[in-house]
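*Asks:* The file below is run.txt, compact mmCIF, C-alpha atoms:
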# COMPACT_ATOMS: atom_id res chain seq x y z
CA ARG A 1 80.76 145.70 53.20
CA GLU A 2 78.17 143.04 53.89
CA LEU A 3 77.89 139.32 54.61
CA ILE A 4 75.85 137.34 52.17
CA SER A 5 75.01 133.68 51.72
CA LYS A 6 75.31 131.86 48.44
CA ASP A 7 74.45 128.18 48.07
CA GLY A 8 74.42 127.96 51.85
CA LYS A 9 77.99 129.25 52.18
CA PRO A 10 79.09 132.60 53.63
CA TYR A 11 80.63 135.34 51.50
CA LEU A 12 81.91 138.83 52.18
CA ARG A 13 80.98 141.40 49.54
CA TYR A 14 82.96 144.62 49.42
CA MET A 15 81.92 147.54 47.22
CA ARG A 16 83.63 150.86 46.59
CA ALA A 17 82.03 153.86 44.92
CA MET A 18 83.63 155.50 41.83
CA ARG A 19 83.54 159.31 41.92
CA ALA A 20 84.09 161.67 39.03
CA ASN A 21 87.09 163.96 39.19
CA GLU A 22 88.29 166.86 37.02
CA SER A 23 90.05 164.56 34.55
CA CYS A 24 86.85 162.56 34.06
CA LEU A 25 84.92 165.71 33.10
CA ARG A 26 87.12 166.30 30.08
CA CYS A 27 85.53 163.32 28.37
CA HIS A 28 82.24 163.00 30.18
CA GLY A 29 81.37 166.60 30.99
CA HIS A 30 78.75 166.61 28.29
CA GLN A 31 76.95 163.83 30.21
CA GLY A 32 76.25 166.19 33.04
CA TYR A 33 78.78 164.69 35.53
CA GLN A 34 80.08 166.95 38.23
CA ALA A 35 83.34 166.65 40.15
CA GLY A 36 82.86 164.41 43.23
CA ALA A 37 79.64 162.86 41.99
CA ILE A 38 79.23 159.05 42.25
CA VAL A 39 79.18 157.67 38.74
CA GLY A 40 79.56 153.94 39.45
CA GLY A 41 81.19 151.35 41.75
CA VAL A 42 83.50 148.33 41.97
CA GLY A 43 82.50 145.23 43.93
CA VAL A 44 84.48 142.18 45.14
CA THR A 45 82.97 139.02 46.65
CA VAL A 46 85.22 136.76 48.76
CA ALA A 47 84.28 133.24 49.93
CA LEU A 48 84.69 132.94 53.71
CA GLU A 49 84.48 129.14 54.00
CA PRO A 50 88.27 128.58 53.49
CA PHE A 51 89.01 131.06 56.28
CA PHE A 52 86.43 129.46 58.57
CA ALA A 53 87.79 125.97 57.79
CA ARG A 54 91.31 127.10 58.65
CA GLU A 55 90.08 128.64 61.91
CA ARG A 56 88.26 125.41 62.83
CA GLU A 57 91.41 123.39 62.14
CA GLU A 58 93.48 125.70 64.33
CA ILE A 59 90.91 125.34 67.12
CA LEU A 60 91.01 121.55 66.76
CA ASP A 61 94.82 121.58 66.84
CA GLU A 62 94.78 123.60 70.06
CA ALA A 63 92.16 121.27 71.56
CA ARG A 64 94.28 118.23 70.67
CA TYR A 65 97.39 119.84 72.15
CA PHE A 66 95.77 120.85 75.43
CA GLY A 67 93.91 117.52 75.57
CA PHE A 68 97.22 115.70 75.21
CA ILE A 69 98.73 117.83 77.99
CA TRP A 70 95.67 117.11 80.17
CA ILE A 71 95.95 113.35 79.58
CA LEU A 72 99.67 113.44 80.39
CA GLY A 73 98.83 115.24 83.62
CA LEU A 74 96.26 112.61 84.58
CA VAL A 75 98.71 109.81 83.78
CA GLY A 76 101.36 111.50 85.88
CA ILE A 77 98.98 111.96 88.80
CA GLY A 78 97.82 108.34 88.53
CA THR A 79 101.37 107.01 88.35
CA GLY A 80 102.47 109.14 91.28
CA THR A 81 99.47 108.05 93.34
CA ARG A 82 100.17 104.37 92.65
CA ARG A 83 103.83 104.78 93.56
CA ILE A 84 102.95 106.53 96.80
CA ALA A 85 100.41 103.82 97.65
CA ARG A 86 102.93 101.06 96.83
CA TYR A 87 105.63 102.79 98.88
CA SER A 88 103.22 103.18 101.81
CA SER A 89 102.20 99.53 101.56
CA GLU A 90 105.82 98.33 101.36
CA ARG A 91 106.77 100.55 104.29
CA GLU A 92 103.88 99.24 106.37
CA GLN A 93 104.84 95.64 105.55
CA ALA A 94 108.44 96.36 106.48
CA GLU A 95 107.37 97.91 109.77
CA GLN A 96 105.12 94.93 110.51
CA SER A 97 107.97 92.52 109.74
CA LEU A 98 110.28 94.52 112.00
CA ARG A 99 107.76 94.48 114.84
CA ALA A 100 107.25 90.74 114.37
CA SER A 101 111.02 90.16 114.48
CA GLU A 102 111.34 92.28 117.62
CA GLU A 103 108.50 90.38 119.29
CA ARG A 104 110.08 87.05 118.40
CA TYR A 105 113.39 88.20 119.78
CA MET A 106 111.75 89.22 123.06
CA LEU A 107 109.87 85.93 123.24
CA ALA A 108 113.00 83.96 122.50
CA ALA A 109 114.82 85.82 125.27
CA ARG A 110 112.03 84.95 127.70
CA GLY A 111 111.96 81.28 126.82
CA ALA A 112 115.27 80.28 125.27
CA ASN A 113 114.72 76.60 126.02
CA ASP A 114 111.15 76.49 124.74
CA GLY A 115 109.93 76.16 121.19
CA LEU A 116 108.28 79.27 119.78
CA TRP A 117 105.15 78.89 117.68
CA ASP A 118 104.18 82.30 116.19
CA TRP A 119 100.87 82.35 114.30
CA ASN A 120 99.93 85.27 112.01
CA LEU A 121 96.14 85.06 112.08
CA ALA A 122 95.76 87.51 109.19
CA SER A 123 97.81 85.44 106.71
CA ASN A 124 97.23 82.11 108.52
CA GLU A 125 100.98 81.43 108.46
CA VAL A 126 103.02 80.10 111.34
CA TYR A 127 106.65 80.66 112.22
CA TYR A 128 108.13 77.57 113.89
CA SER A 129 111.37 78.41 115.67
CA PRO A 130 114.46 76.17 115.28
CA ARG A 131 113.98 75.06 118.89
CA TRP A 132 110.35 74.05 118.15
CA GLN A 133 111.51 71.93 115.21
CA GLN A 134 114.33 70.45 117.30
CA ILE A 135 111.91 69.32 120.03
CA PHE A 136 109.99 67.24 117.51
CA GLY A 137 113.00 65.89 115.64
CA TYR A 138 113.06 68.27 112.68
CA ALA A 139 116.28 70.11 113.43
CA GLY A 140 117.24 69.85 109.76
CA GLY A 141 114.08 71.62 108.61
CA GLY A 142 111.20 70.18 106.62
CA ILE A 143 108.48 72.06 108.50
CA GLY A 144 106.22 74.38 106.48
CA THR A 145 104.32 77.46 107.61
CA SER A 146 100.81 76.03 108.01
CA PRO A 147 99.05 75.60 111.40
CA GLU A 148 98.41 72.02 110.28
CA GLU A 149 102.11 71.27 110.73
CA TRP A 150 101.33 71.30 114.45
CA MET A 151 97.72 70.10 114.50
CA LYS A 152 98.28 67.05 112.32
CA ARG A 153 100.95 65.85 114.77
CA VAL A 154 98.71 66.26 117.82
CA HIS A 155 97.48 62.96 119.28
CA PRO A 156 93.96 62.14 117.99
CA ASP A 157 92.63 61.97 121.56
CA ASP A 158 93.88 65.50 122.29
CA ARG A 159 93.17 67.23 118.99
CA GLU A 160 89.51 68.19 119.43
CA SER A 161 89.84 69.54 122.96
CA LEU A 162 93.03 71.41 122.04
CA SER A 163 91.33 73.04 119.04
CA SER A 164 88.37 74.09 121.19
CA ALA A 165 90.59 75.58 123.89
CA LEU A 166 92.73 77.40 121.34
CA GLU A 167 89.70 78.79 119.50
CA ALA A 168 88.19 80.02 122.76
CA HIS A 169 91.41 81.85 123.59
CA ILE A 170 91.71 83.44 120.14
CA CYS A 171 88.09 84.62 120.28
CA GLY A 172 88.71 86.26 123.65
CA GLY A 173 86.95 83.70 125.81
CA THR A 174 90.04 83.15 127.95
CA GLU A 175 92.70 85.62 129.03
CA HIS A 176 95.50 83.05 129.15
CA PHE A 177 96.08 79.84 127.30
CA GLU A 178 97.86 76.82 128.69
CA TYR A 179 97.30 73.29 127.46
CA GLU A 180 99.16 70.02 127.99
CA HIS A 181 98.88 67.54 125.15
CA ARG A 182 100.76 64.97 123.09
CA VAL A 183 102.55 65.71 119.82
CA GLN A 184 104.11 63.12 117.54
CA HIS A 185 107.90 63.15 117.20
CA ALA A 186 109.59 62.58 113.85
CA ASN A 187 110.48 59.04 115.04
CA GLY A 188 106.80 58.21 115.56
CA ASP A 189 106.70 58.51 119.35
CA TYR A 190 104.40 60.95 121.14
CA LEU A 191 105.85 63.59 123.45
CA TRP A 192 103.97 65.30 126.24
CA VAL A 193 104.32 69.06 125.78
CA LEU A 194 102.88 72.14 127.42
CA ALA A 195 101.68 74.96 125.17
CA ARG A 196 101.20 78.30 126.88
CA THR A 197 100.52 81.86 125.77
CA GLY A 198 103.54 83.92 124.81
CA SER A 199 101.75 87.03 123.50
CA GLN A 200 98.78 88.04 121.41
CA ASP A 201 98.46 90.98 119.03
CA SER A 202 96.20 93.61 120.57
CA ARG A 203 94.33 93.81 117.27
CA GLY A 204 93.78 90.06 117.18
CA ARG A 205 96.01 89.47 114.17
CA GLY A 206 98.67 87.33 115.81
CA LEU A 207 99.23 84.72 118.50
CA SER A 208 102.49 83.45 119.96
CA LEU A 209 102.79 80.21 121.97
CA PHE A 210 105.63 78.59 123.83
CA ILE A 211 105.94 74.81 123.45
CA CYS A 212 107.67 73.29 126.44
CA ASP A 213 108.92 69.70 126.09
CA LYS A 214 107.72 67.72 129.15
CA HIS A 215 108.47 64.22 127.76
I need this file expressed as structure tokens, please.
*Replies:*
Amino acid sequence: RELISKDGKPYLRYMRAMRANESCLRCHGHQGYQAGAIVGGVGVTVALEPFFAREREEILDEARYFGFIWILGLVGIGTGTRRIARYSSEREQAEQSLRASEERYMLAARGANDGLWDWNLASNEVYYSPRWQQIFGYAGGGIGTSPEEWMKRVHPDDRESLSSALEAHICGGTEHFEYEHRVQHANGDYLWVLARTGSQDSRGRGLSLFICDKH
């Protein structure tokens, strides 16, 4: 047996020797043949390309199969990671909301007659308690969640100094905040109120103020 190349393609050539036996000598003995002597051979040549092509296709099929399994695994890992991250984020938000609610409850218990003004510095949203809205004549609602809901109602003569004092407190320049100023009522009149610190997030992400109506 031997491997040969023909026209650039592989072939396997198989040859088998033909040996003379006793029956052969009856007709060919006069030619000098002896029993067991090699008197010829038979050869077969087989093209190997079809076998190689089939082997390559099987290898490709296995590669596609395992590649598909690998991609499915990556998709599963990615999906699971995103779900875990979303769950963690939702849980953290829920815990933050719960802490904020607990803080508001404690603040409300400390100053039931005062208006609570709770500013989330991270989202720049403000929670105005029902009592806060009642003080300024908005018991039926109509107050949004922007800090401007308060600032735009502050008397023009008090606005700049109030903003400076508040900014200094938020930036850590003052330990406590307390400021008396005028805020416009829904009927157009200005009320004298006292804003004082309720609490501040230790990480600087929130500020709570009590608004006391002094008329």
*Asks:* Draw an axis-aligned box tight on the listed atoms of stretch 176-190 of chain A, then pad every side by 5 Å and write out centre and edge lengths in Å to one decimal as AutoDock Vina command-line options.
*Replies:*
--center_x 103.0 --center_y 70.6 --center_z 121.5 --size_x 25.0 --size_y 34.8 --size_z 25.3
*Asks:* What's the separation between atom CA of A:Asp114 and atom CA of A:Arg131, in Å to one decimal place?
*Replies:*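 Atom-to-atom, atom CA of A:Asp114 and atom CA of A:Arg131 are spaced 6.7 Å apart.
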*Asks:* Quick one: of A:Ser146, A:Ser163, A:Ser89, A:Thr197, who's nearest to A:Glu178, counting only C-alpha atoms?
*Replies:* A:Thr197
*Asks:* Pick from A:Gly115, A:Arg54, A:Ala186, A:Pro156: nearest to A:Gly142, with all atoms listed in the file counted?
*Replies:*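 Nearest to A:Gly142: A:Ala186.
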*Asks:* Restricting the calculation to all atoms listed in the file, which member of A:Glu125, A:Glu167, A:Glu175, A:Glu180 is positioned closest to A:Val154?
*Replies:*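 Nearest candidate to A:Val154 out of A:Glu125, A:Glu167, A:Glu175, A:Glu180: A:Glu180.
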*Asks:* What's around A:Phe177 at 8 Å? Count only C-alpha atoms, leave out sequence neighbours fewer than 2 positions away in its own chain, and write the answer as an NGL selection string.
*Replies:* :A and (165-166 or 169 or 174-175 or 179 or 195-197)
*Asks:* Could you please determine the separation between atom CA of A:Trp117 and atom CA of A:Tyr138 in Å, to one decimal place?
*Replies:*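 According to the coordinates, atom CA of A:Trp117 and atom CA of A:Tyr138 are separated by 14.2 Å.
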